[in-house]
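Novice: Please find input_5.cif (mmCIF, C-alpha atoms) on the next line:
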data_start
#
loop_
_atom_site.group_PDB
_atom_site.id
_atom_site.type_symbol
_atom_site.label_atom_id
_atom_site.label_comp_id
_atom_site.auth_asym_id
_atom_site.auth_seq_id
_atom_site.Cartn_x
_atom_site.Cartn_y
_atom_site.Cartn_z
ATOM 1 C CA MET S 154 -163.430 19.188 -171.553
ATOM 2 C CA ILE S 155 -160.146 20.588 -170.320
ATOM 3 C CA PRO S 156 -157.143 19.754 -172.507
ATOM 4 C CA ILE S 157 -154.986 17.573 -170.283
ATOM 5 C CA ASN S 158 -151.637 18.900 -171.481
ATOM 6 C CA TRP S 159 -152.506 22.375 -170.203
ATOM 7 C CA VAL S 160 -153.295 20.936 -166.768
ATOM 8 C CA VAL S 161 -149.942 19.169 -166.707
ATOM 9 C CA GLY S 162 -148.299 22.444 -167.751
ATOM 10 C CA LEU S 163 -150.018 24.184 -164.842
ATOM 11 C CA ALA S 164 -148.728 21.447 -162.528
ATOM 12 C CA ALA S 165 -145.213 22.046 -163.853
ATOM 13 C CA ILE S 166 -145.507 25.793 -163.257
ATOM 14 C CA LEU S 167 -146.763 25.295 -159.697
ATOM 15 C CA PHE S 168 -143.971 22.799 -159.015
ATOM 16 C CA ALA S 169 -141.387 25.293 -160.266
ATOM 17 C CA ILE S 170 -142.796 28.138 -158.163
ATOM 18 C CA GLY S 171 -142.658 25.843 -155.128
ATOM 19 C CA ALA S 172 -139.065 24.930 -155.953
ATOM 20 C CA ILE S 173 -138.171 28.620 -156.216
ATOM 21 C CA GLY S 174 -139.709 29.164 -152.784
ATOM 22 C CA VAL S 175 -137.749 26.304 -151.232
ATOM 23 C CA MET S 176 -134.515 27.483 -152.830
ATOM 24 C CA THR S 177 -134.672 31.206 -152.187
ATOM 25 C CA ARG S 178 -136.570 31.763 -148.942
ATOM 26 C CA ARG S 179 -134.892 31.359 -145.561
ATOM 27 C CA ASN S 180 -137.872 31.228 -143.246
ATOM 28 C CA PRO S 181 -138.474 27.511 -142.583
ATOM 29 C CA LEU S 182 -142.245 28.023 -142.387
ATOM 30 C CA ILE S 183 -142.398 29.559 -145.858
ATOM 31 C CA MET S 184 -140.084 26.860 -147.191
ATOM 32 C CA PHE S 185 -142.502 24.302 -145.799
ATOM 33 C CA MET S 186 -145.483 25.930 -147.459
ATOM 34 C CA SER S 187 -143.610 25.936 -150.764
ATOM 35 C CA ALA S 188 -142.924 22.234 -150.297
ATOM 36 C CA GLU S 189 -146.657 21.717 -149.724
ATOM 37 C CA MET S 190 -147.252 23.458 -153.031
ATOM 38 C CA MET S 191 -144.875 21.049 -154.740
ATOM 39 C CA TRP S 192 -146.791 18.074 -153.264
ATOM 40 C CA ASN S 193 -149.987 19.635 -154.575
ATOM 41 C CA ALA S 194 -148.549 20.067 -158.049
ATOM 42 C CA ALA S 195 -147.604 16.382 -158.125
ATOM 43 C CA ALA S 196 -151.115 15.415 -157.031
ATOM 44 C CA LEU S 197 -152.580 17.633 -159.755
ATOM 45 C CA ALA S 198 -150.490 15.878 -162.403
ATOM 46 C CA PHE S 199 -151.612 12.472 -161.082
ATOM 47 C CA ILE S 200 -155.270 13.496 -161.229
ATOM 48 C CA ALA S 201 -154.905 14.939 -164.706
ATOM 49 C CA PHE S 202 -153.405 11.701 -165.999
ATOM 50 C CA ALA S 203 -156.078 9.667 -164.214
ATOM 51 C CA ARG S 204 -158.711 11.665 -166.079
ATOM 52 C CA HIS S 205 -156.830 11.275 -169.325
ATOM 53 C CA TRP S 206 -156.447 7.497 -169.188
ATOM 54 C CA HIS S 207 -159.807 6.871 -167.476
ATOM 55 C CA ASP S 208 -158.001 4.939 -164.770
ATOM 56 C CA MET S 209 -158.533 5.621 -161.100
ATOM 57 C CA SER S 210 -155.080 4.481 -159.967
ATOM 58 C CA GLY S 211 -153.827 8.039 -160.426
ATOM 59 C CA GLN S 212 -156.481 9.321 -158.077
ATOM 60 C CA VAL S 213 -155.510 6.710 -155.509
ATOM 61 C CA MET S 214 -151.928 7.936 -155.764
ATOM 62 C CA ALA S 215 -153.103 11.515 -155.262
ATOM 63 C CA PHE S 216 -154.987 10.382 -152.154
ATOM 64 C CA LEU S 217 -151.815 8.760 -150.825
ATOM 65 C CA ILE S 218 -149.977 12.033 -151.557
ATOM 66 C CA VAL S 219 -152.476 13.908 -149.385
ATOM 67 C CA GLY S 220 -151.872 11.423 -146.560
ATOM 68 C CA THR S 221 -148.100 11.673 -146.891
ATOM 69 C CA ALA S 222 -148.258 15.464 -146.892
ATOM 70 C CA ALA S 223 -150.258 15.403 -143.663
ATOM 71 C CA ALA S 224 -147.638 13.220 -141.954
ATOM 72 C CA GLU S 225 -144.840 15.413 -143.293
ATOM 73 C CA VAL S 226 -146.435 18.608 -142.011
ATOM 74 C CA GLY S 227 -146.871 17.136 -138.534
ATOM 75 C CA ILE S 228 -143.254 16.047 -138.223
ATOM 76 C CA GLY S 229 -141.841 19.137 -139.917
ATOM 77 C CA LEU S 230 -143.711 21.646 -137.781
ATOM 78 C CA ALA S 231 -142.683 19.730 -134.659
ATOM 79 C CA ILE S 232 -139.044 19.989 -135.743
ATOM 80 C CA ILE S 233 -139.414 23.714 -136.480
ATOM 81 C CA VAL S 234 -140.948 24.371 -133.054
ATOM 82 C CA THR S 235 -138.227 22.342 -131.314
ATOM 83 C CA VAL S 236 -135.444 24.170 -133.133
ATOM 84 C CA TYR S 237 -137.092 27.512 -132.391
ATOM 85 C CA HIS S 238 -137.168 26.706 -128.682
ATOM 86 C CA ARG S 239 -133.412 26.224 -128.713
ATOM 87 C CA ARG S 240 -132.376 29.057 -131.058
ATOM 88 C CA HIS S 241 -135.174 31.637 -130.909
ATOM 89 C CA ARG S 242 -134.712 32.484 -134.549
ATOM 90 C CA LEU S 243 -136.531 31.429 -137.682
ATOM 91 C CA ASP S 244 -133.759 31.090 -140.213
ATOM 92 C CA VAL S 245 -132.562 27.900 -141.809
ATOM 93 C CA ASP S 246 -129.040 29.245 -142.278
ATOM 94 C CA GLU S 247 -128.657 29.471 -138.506
ATOM 95 C CA ILE S 248 -129.223 25.752 -138.081
ATOM 96 C CA SER S 249 -125.783 24.421 -138.782
ATOM 97 C CA GLY S 250 -125.378 22.278 -135.677
ATOM 98 C CA MET S 251 -125.109 19.059 -137.661
ATOM 99 C CA LYS S 252 -122.322 20.400 -139.837
ATOM 100 C CA ASN S 253 -118.806 18.982 -139.193
ATOM 101 C CA MET R 50 -161.546 26.106 -171.239
ATOM 102 C CA THR R 51 -162.540 29.389 -169.578
ATOM 103 C CA PRO R 52 -163.052 27.939 -166.052
ATOM 104 C CA PHE R 53 -159.694 26.233 -166.316
ATOM 105 C CA VAL R 54 -157.960 29.486 -167.277
ATOM 106 C CA ILE R 55 -159.554 31.377 -164.390
ATOM 107 C CA LEU R 56 -158.626 28.644 -161.892
ATOM 108 C CA ALA R 57 -155.099 28.395 -163.259
ATOM 109 C CA ILE R 58 -154.587 32.149 -162.905
ATOM 110 C CA LEU R 59 -155.926 32.043 -159.342
ATOM 111 C CA ALA R 60 -153.667 29.100 -158.464
ATOM 112 C CA ILE R 61 -150.596 30.802 -159.914
ATOM 113 C CA ILE R 62 -151.372 34.056 -158.101
ATOM 114 C CA GLY R 63 -151.674 32.102 -154.841
ATOM 115 C CA ALA R 64 -148.415 30.277 -155.486
ATOM 116 C CA LEU R 65 -146.532 33.476 -156.301
ATOM 117 C CA GLY R 66 -147.995 35.088 -153.182
ATOM 118 C CA VAL R 67 -146.644 32.279 -151.006
ATOM 119 C CA VAL R 68 -143.149 32.786 -152.345
ATOM 120 C CA VAL R 69 -143.148 36.592 -152.407
ATOM 121 C CA ALA R 70 -144.956 37.451 -149.151
ATOM 122 C CA LYS R 71 -142.826 38.899 -146.373
ATOM 123 C CA GLN R 72 -144.836 37.644 -143.409
ATOM 124 C CA PRO R 73 -145.470 33.902 -142.978
ATOM 125 C CA VAL R 74 -149.123 34.654 -142.160
ATOM 126 C CA HIS R 75 -149.650 36.167 -145.588
ATOM 127 C CA SER R 76 -147.953 33.154 -147.151
ATOM 128 C CA ALA R 77 -150.364 30.850 -145.332
ATOM 129 C CA LEU R 78 -153.386 32.811 -146.544
ATOM 130 C CA PHE R 79 -152.136 32.803 -150.135
ATOM 131 C CA LEU R 80 -151.590 29.060 -149.813
ATOM 132 C CA VAL R 81 -155.237 28.657 -148.768
ATOM 133 C CA GLY R 82 -156.288 30.430 -151.968
ATOM 134 C CA ASN R 83 -154.006 28.194 -154.022
ATOM 135 C CA ILE R 84 -155.387 25.045 -152.396
ATOM 136 C CA LEU R 85 -159.022 26.047 -152.821
ATOM 137 C CA SER R 86 -158.618 26.846 -156.520
ATOM 138 C CA LEU R 87 -156.846 23.499 -156.991
ATOM 139 C CA ALA R 88 -159.778 21.782 -155.253
ATOM 140 C CA VAL R 89 -162.234 23.295 -157.748
ATOM 141 C CA LEU R 90 -159.895 22.221 -160.535
ATOM 142 C CA TYR R 91 -160.060 18.646 -159.196
ATOM 143 C CA LEU R 92 -163.842 18.882 -159.465
ATOM 144 C CA LEU R 93 -163.499 19.854 -163.128
ATOM 145 C CA LEU R 94 -161.229 16.839 -163.617
ATOM 146 C CA SER R 95 -164.035 14.635 -162.186
ATOM 147 C CA ALA R 96 -162.185 13.777 -158.991
ATOM 148 C CA GLU R 97 -164.960 14.738 -156.618
ATOM 149 C CA PHE R 98 -163.775 12.748 -153.608
ATOM 150 C CA LEU R 99 -160.280 14.210 -153.873
ATOM 151 C CA ALA R 100 -161.681 17.725 -154.148
ATOM 152 C CA VAL R 101 -163.511 17.244 -150.850
ATOM 153 C CA ALA R 102 -160.486 15.567 -149.271
ATOM 154 C CA GLN R 103 -158.302 18.456 -150.426
ATOM 155 C CA VAL R 104 -160.570 21.004 -148.758
ATOM 156 C CA ILE R 105 -160.910 19.009 -145.541
ATOM 157 C CA VAL R 106 -157.317 17.864 -145.119
ATOM 158 C CA TYR R 107 -155.370 20.773 -146.602
ATOM 159 C CA ALA R 108 -157.522 23.847 -146.112
ATOM 160 C CA GLY R 109 -158.935 22.439 -142.887
ATOM 161 C CA ALA R 110 -156.316 20.515 -140.961
ATOM 162 C CA ILE R 111 -152.920 21.401 -142.410
ATOM 163 C CA MET R 112 -153.506 25.129 -142.801
ATOM 164 C CA VAL R 113 -154.919 25.434 -139.276
ATOM 165 C CA LEU R 114 -151.781 23.704 -138.005
ATOM 166 C CA PHE R 115 -149.633 26.097 -140.027
ATOM 167 C CA LEU R 116 -151.501 29.143 -138.758
ATOM 168 C CA PHE R 117 -151.163 27.912 -135.167
ATOM 169 C CA VAL R 118 -147.409 27.518 -135.513
ATOM 170 C CA VAL R 119 -147.035 30.841 -137.336
ATOM 171 C CA THR R 120 -148.919 32.726 -134.656
ATOM 172 C CA LEU R 121 -147.047 30.845 -131.931
ATOM 173 C CA LEU R 122 -143.590 31.600 -133.287
ATOM 174 C CA THR R 123 -143.808 34.942 -135.054
ATOM 175 C CA ALA R 124 -146.479 36.891 -133.160
ATOM 176 C CA GLY R 125 -145.621 40.574 -133.003
ATOM 177 C CA LYS R 126 -142.109 40.031 -134.257
ATOM 178 C CA GLU R 127 -140.646 42.215 -136.942
ATOM 179 C CA GLU R 128 -137.160 41.053 -137.706
ATOM 180 C CA GLY R 129 -135.344 41.647 -140.922
ATOM 181 C CA GLU R 130 -133.568 38.803 -142.618
ATOM 182 C CA PRO R 131 -130.019 38.428 -141.312
ATOM 183 C CA LYS R 132 -126.976 38.917 -143.442
ATOM 184 C CA GLU R 133 -126.664 36.828 -146.552
ATOM 185 C CA GLN R 134 -123.850 34.291 -146.314
ATOM 186 C CA LEU R 135 -124.284 32.311 -149.483
ATOM 187 C CA GLY R 136 -123.485 35.042 -151.980
ATOM 188 C CA GLY R 137 -125.201 34.663 -155.316
ATOM 189 C CA GLN R 138 -126.012 30.964 -154.887
ATOM 190 C CA ARG R 139 -129.574 31.661 -153.833
ATOM 191 C CA TRP R 140 -130.341 33.703 -156.929
ATOM 192 C CA LEU R 141 -128.687 31.103 -159.122
ATOM 193 C CA ALA R 142 -130.852 28.367 -157.567
ATOM 194 C CA GLY R 143 -133.982 30.445 -158.150
ATOM 195 C CA VAL R 144 -133.122 31.116 -161.787
ATOM 196 C CA LEU R 145 -132.307 27.455 -162.386
ATOM 197 C CA SER R 146 -135.585 26.229 -160.891
ATOM 198 C CA LEU R 147 -137.431 28.796 -162.999
ATOM 199 C CA ALA R 148 -135.695 27.421 -166.099
ATOM 200 C CA VAL R 149 -136.646 23.844 -165.140
ATOM 201 C CA GLY R 150 -140.259 24.887 -164.642
ATOM 202 C CA ILE R 151 -140.450 26.678 -167.986
ATOM 203 C CA ALA R 152 -138.888 23.718 -169.782
ATOM 204 C CA LEU R 153 -141.334 21.254 -168.147
ATOM 205 C CA ALA R 154 -144.356 23.446 -168.895
ATOM 206 C CA VAL R 155 -143.375 23.988 -172.538
ATOM 207 C CA LEU R 156 -142.771 20.262 -173.022
ATOM 208 C CA ALA R 157 -146.090 19.373 -171.407
ATOM 209 C CA ILE R 158 -148.094 21.870 -173.437
ATOM 210 C CA ARG R 159 -146.491 21.154 -176.804
ATOM 211 C CA ARG R 160 -146.827 17.348 -176.668
ATOM 212 C CA PRO R 161 -150.525 16.594 -176.194
ATOM 213 C CA GLY R 162 -150.306 12.804 -176.561
ATOM 214 C CA PRO R 163 -153.096 10.495 -177.752
ATOM 215 C CA ARG R 164 -156.729 11.050 -176.788
ATOM 216 C CA ILE R 165 -159.246 8.601 -175.396
ATOM 217 C CA VAL R 166 -162.782 9.350 -176.505
ATOM 218 C CA SER R 167 -164.756 6.615 -174.741
ATOM 219 C CA GLY R 168 -166.926 7.630 -171.806
ATOM 220 C CA LEU R 169 -165.748 7.571 -168.228
ATOM 221 C CA PRO R 170 -166.175 4.283 -166.370
ATOM 222 C CA ARG R 171 -168.809 3.993 -163.675
ATOM 223 C CA ASN R 172 -167.921 5.304 -160.198
ATOM 224 C CA PHE R 173 -165.058 7.334 -161.617
ATOM 225 C CA GLY R 174 -163.736 9.689 -158.972
ATOM 226 C CA ASN R 175 -166.287 9.121 -156.243
ATOM 227 C CA LEU R 176 -165.872 7.418 -152.907
ATOM 228 C CA HIS R 177 -167.193 4.083 -154.171
ATOM 229 C CA GLY R 178 -164.613 3.692 -156.928
ATOM 230 C CA MET R 179 -161.878 4.931 -154.630
ATOM 231 C CA GLY R 180 -162.746 2.366 -151.963
ATOM 232 C CA LEU R 181 -162.892 -0.448 -154.500
ATOM 233 C CA ILE R 182 -159.266 0.224 -155.406
ATOM 234 C CA LEU R 183 -157.956 1.132 -151.944
ATOM 235 C CA TRP R 184 -159.426 -1.971 -150.320
ATOM 236 C CA GLY R 185 -158.693 -4.147 -153.352
ATOM 237 C CA PRO R 186 -155.447 -4.165 -155.317
ATOM 238 C CA ASP R 187 -153.832 -1.206 -153.529
ATOM 239 C CA PHE R 188 -154.487 -2.295 -149.959
ATOM 240 C CA LEU R 189 -150.771 -2.544 -149.240
ATOM 241 C CA TYR R 190 -150.329 1.189 -149.950
ATOM 242 C CA LEU R 191 -153.181 2.005 -147.589
ATOM 243 C CA VAL R 192 -151.546 0.011 -144.807
ATOM 244 C CA GLY R 193 -148.234 1.701 -145.531
ATOM 245 C CA ILE R 194 -149.787 5.166 -145.283
ATOM 246 C CA ALA R 195 -151.529 4.177 -142.053
ATOM 247 C CA ILE R 196 -148.259 3.005 -140.497
ATOM 248 C CA MET R 197 -146.547 6.173 -141.689
ATOM 249 C CA LEU R 198 -149.173 8.437 -140.152
ATOM 250 C CA LEU R 199 -148.961 6.524 -136.865
ATOM 251 C CA THR R 200 -145.172 6.850 -136.893
ATOM 252 C CA ALA R 201 -145.455 10.566 -137.612
ATOM 253 C CA GLY R 202 -147.796 11.021 -134.661
ATOM 254 C CA LEU R 203 -145.408 9.139 -132.393
ATOM 255 C CA GLY R 204 -142.513 11.197 -133.745
ATOM 256 C CA VAL R 205 -144.295 14.436 -132.899
ATOM 257 C CA LEU R 206 -144.879 13.183 -129.358
ATOM 258 C CA VAL R 207 -141.226 12.215 -128.979
ATOM 259 C CA LEU R 208 -139.982 15.531 -130.395
ATOM 260 C CA ASN R 209 -142.155 17.603 -128.079
ATOM 261 C CA ARG R 210 -141.715 15.590 -124.894
ATOM 262 C CA PRO R 211 -140.926 17.666 -121.802
ATOM 263 C CA VAL R 212 -137.225 17.856 -121.048
ATOM 264 C CA ARG R 213 -136.363 16.060 -117.801
ATOM 265 C CA ARG R 214 -134.379 18.019 -115.301
ATOM 266 C CA LYS R 215 -131.257 15.867 -115.451
ATOM 267 C CA ASP R 216 -131.195 16.078 -119.232
ATOM 268 C CA ALA R 217 -131.641 19.831 -119.108
ATOM 269 C CA ARG R 218 -128.734 20.206 -116.685
ATOM 270 C CA SER R 219 -126.362 18.094 -118.756
ATOM 271 C CA GLN R 220 -127.470 19.935 -121.866
ATOM 272 C CA ARG R 221 -126.740 23.279 -120.283
ATOM 273 C CA ARG R 222 -123.317 22.009 -119.311
ATOM 274 C CA ASN R 223 -122.733 20.946 -122.879
ATOM 275 C CA GLU R 224 -123.677 24.342 -124.194
ATOM 276 C CA ALA R 225 -121.503 26.174 -121.661
#
Show me this structure written as structure tokens.
Specialist:
Amino acid sequence: MIPINWVVGLAAILFAIGAIGVMTRRNPLIMFMSAEMMWNAAALAFIAFARHWHDMSGQVMAFLIVGTAAAEVGIGLAIIVTVYHRRHRLDVDEISGMKN
Amino acid sequence: MTPFVILAILAIIGALGVVVAKQPVHSALFLVGNILSLAVLYLLLSAEFLAVAQVIVYAGAIMVLFLFVVTLLTAGKEEGEPKEQLGGQRWLAGVLSLAVGIALAVLAIRRPGPRIVSGLPRNFGNLHGMGLILWGPDFLYLVGIAIMLLTAGLGVLVLNRPVRRKDARSQRRNEA
């Protein structure tokens, strides 16, 4: 059997790598994929704890995370495409229209 | 332990590839590798339904959507990143998130917590057990997710509606 604390450690590492991607990259598509990775890390932690406590509620939460991520990707990609049609650049630093 | 180590290394390689890759297409492909290794890891954690759902929803639907958008927006384009305006803030943010990740991982690995040795309950991780909870005590969450997905679909339609001519003219005047 897999020791559960190592799985949670892996989830933490994946979450941190995703956070680094969101913080340091400027392409909105890559930032989005990093955010997906962070969702996945959270789901992995939920599943690991579900296995540890022999309780399926964690797996239900992970299922809800998958659903939420699907909705988020739909909306987010629509926003990226809309912004690209107006600006013709893929750079989050360019999008400062809501500032001031 | 060995399968877990192999899968963890694969997942971390995929994750690093997403962050490091220059082209968004390469990021998407690395993300597919990351997601598939996580799906096998779910199988090892006896979450068979979620492993299948992960492959179908993430590797199937979401990644295809990503690849469509990537090819639509960045086909044949080779543009360097524009000038940095934030100074060292970006590096600082990266280093800080790295520190948070290392702290979380060390804490998680060094505190194992109590163990449960009894066997798994019946229907653990398969569709039957999942349905018993989703249509039983957690039905409210299911309805919430359903409403959220419907709203997201409507939002996509609203965001991508064709611009009417009058709107376009007034918008052009605003930009001028």
Novice: Excluding same-chain residues fewer than 6 positions from stretch 191-199 of chain S, what lies within 10 Å of it counting all atoms listed in the file, as a PyMOL selection string?
Specialist: (chain S and resi 157-158+160-172+174-175+185+205+209-219+221-222) or (chain R and resi 64+83-84+87-88+90-91+94+99+103+107)
Novice: Pull out every residue that the PyMOL selection byres ((chain R) within 6 of (chain S)) matches in the shown coordinates and put them as an mmCIF file with C-alpha atoms, in the coordinates of the input.
Specialist:
data_model
loop_
_atom_site.group_PDB
_atom_site.id
_atom_site.type_symbol
_atom_site.label_atom_id
_atom_site.label_comp_id
_atom_site.auth_asym_id
_atom_site.auth_seq_id
_atom_site.Cartn_x
_atom_site.Cartn_y
_atom_site.Cartn_z
ATOM 1 C CA MET R 50 -161.546 26.106 -171.239
ATOM 2 C CA VAL R 68 -143.149 32.786 -152.345
ATOM 3 C CA ARG R 139 -129.574 31.661 -153.833
ATOM 4 C CA GLY R 143 -133.982 30.445 -158.150
ATOM 5 C CA SER R 146 -135.585 26.229 -160.891
ATOM 6 C CA LEU R 147 -137.431 28.796 -162.999
ATOM 7 C CA GLY R 150 -140.259 24.887 -164.642
ATOM 8 C CA LEU R 153 -141.334 21.254 -168.147
ATOM 9 C CA ALA R 154 -144.356 23.446 -168.895
ATOM 10 C CA ALA R 157 -146.090 19.373 -171.407
ATOM 11 C CA ILE R 158 -148.094 21.870 -173.437
ATOM 12 C CA PRO R 161 -150.525 16.594 -176.194
ATOM 13 C CA LEU R 198 -149.173 8.437 -140.152
ATOM 14 C CA ALA R 201 -145.455 10.566 -137.612
ATOM 15 C CA VAL R 205 -144.295 14.436 -132.899
#
Novice: Work out how far apart atom CA of R:Ala77 and atom CA of S:Val236 are and give it in Å to one decimal.
Specialist: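 Between atom CA of R:Ala77 and atom CA of S:Val236 the gap is 20.4 Å.
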Novice: Contacts of R:Gln72 at 9 Å or less, counting only C-alpha atoms, minus same-chain residues fewer than 2 places along, as an MDAnalysis selection string?
Specialist: (chainID S and resid 183) or (chainID R and resid 70 74:77 123 127)
Novice: Show which residues sit within 8 Å of stretch 169-173 of chain R, as a compact mmCIF listing (two decimals) with C-alpha atoms, in the coordinates of the input. Count only C-alpha atoms, and ignore same-chain residues fewer than 2 positions away.
Specialist:
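That gives us part12.txt:
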# COMPACT_ATOMS: atom_id res chain seq x y z
CA HIS S 207 -159.81 6.87 -167.48
CA MET S 209 -158.53 5.62 -161.10
CA SER R 95 -164.04 14.64 -162.19
CA ALA R 96 -162.18 13.78 -158.99
CA SER R 167 -164.76 6.62 -174.74
CA ASN R 175 -166.29 9.12 -156.24
CA LEU R 176 -165.87 7.42 -152.91
CA HIS R 177 -167.19 4.08 -154.17
CA GLY R 178 -164.61 3.69 -156.93
Novice: Could you state the separation of atom CA of R:Ile165 and atom CA of R:Ala57 in Å, given to one decimal place?
Specialist: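 Interatomic distance here is 23.6 Å.
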Novice: Return the single residue from R:Val89, R:Leu121, R:Leu145, R:Pro73 that is closest to R:Ala60, with distances computed using all atoms listed in the file.
Specialist: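 Checking each candidate against R:Ala60, we get R:Val89 as the closest.
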Novice: All heavy atoms are what I want for stretch 224-231 of chain S; can you complete it accordingly and write them as a compact mmCIF listing (two decimals), in the frame of the given file?
Specialist:
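The resulting file, part04.txt, is shown below:
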# COMPACT_ATOMS: atom_id res chain seq x y z
N ALA S 224 -148.66 13.72 -142.87
CA ALA S 224 -147.64 13.22 -141.95
C ALA S 224 -146.41 14.12 -141.96
O ALA S 224 -145.85 14.46 -140.91
CB ALA S 224 -147.24 11.80 -142.36
N GLU S 225 -146.03 14.58 -143.16
CA GLU S 225 -144.84 15.41 -143.29
C GLU S 225 -145.01 16.73 -142.55
O GLU S 225 -144.10 17.21 -141.87
CB GLU S 225 -144.58 15.64 -144.78
CG GLU S 225 -143.43 16.55 -145.08
CD GLU S 225 -143.86 17.67 -145.97
OE1 GLU S 225 -145.07 17.76 -146.26
OE2 GLU S 225 -143.00 18.46 -146.35
N VAL S 226 -146.21 17.33 -142.68
CA VAL S 226 -146.44 18.61 -142.01
C VAL S 226 -146.36 18.44 -140.50
O VAL S 226 -145.75 19.27 -139.80
CB VAL S 226 -147.80 19.19 -142.43
CG1 VAL S 226 -148.26 20.23 -141.46
CG2 VAL S 226 -147.68 19.80 -143.79
N GLY S 227 -146.93 17.34 -139.98
CA GLY S 227 -146.87 17.14 -138.53
C GLY S 227 -145.44 17.08 -138.04
O GLY S 227 -145.04 17.84 -137.14
N ILE S 228 -144.64 16.20 -138.65
CA ILE S 228 -143.25 16.05 -138.22
C ILE S 228 -142.47 17.34 -138.43
O ILE S 228 -141.74 17.81 -137.55
CB ILE S 228 -142.60 14.90 -139.02
CG1 ILE S 228 -143.03 13.58 -138.44
CG2 ILE S 228 -141.11 15.00 -138.98
CD1 ILE S 228 -142.30 13.20 -137.21
N GLY S 229 -142.65 17.96 -139.60
CA GLY S 229 -141.84 19.14 -139.92
C GLY S 229 -142.13 20.29 -138.97
O GLY S 229 -141.20 20.95 -138.49
N LEU S 230 -143.41 20.53 -138.68
CA LEU S 230 -143.71 21.65 -137.78
C LEU S 230 -143.19 21.35 -136.38
O LEU S 230 -142.73 22.26 -135.68
CB LEU S 230 -145.21 21.91 -137.77
CG LEU S 230 -145.72 22.57 -139.05
CD1 LEU S 230 -147.20 22.82 -138.96
CD2 LEU S 230 -145.01 23.87 -139.29
N ALA S 231 -143.24 20.06 -135.97
CA ALA S 231 -142.68 19.73 -134.66
C ALA S 231 -141.19 20.04 -134.62
O ALA S 231 -140.68 20.59 -133.64
CB ALA S 231 -142.93 18.26 -134.34
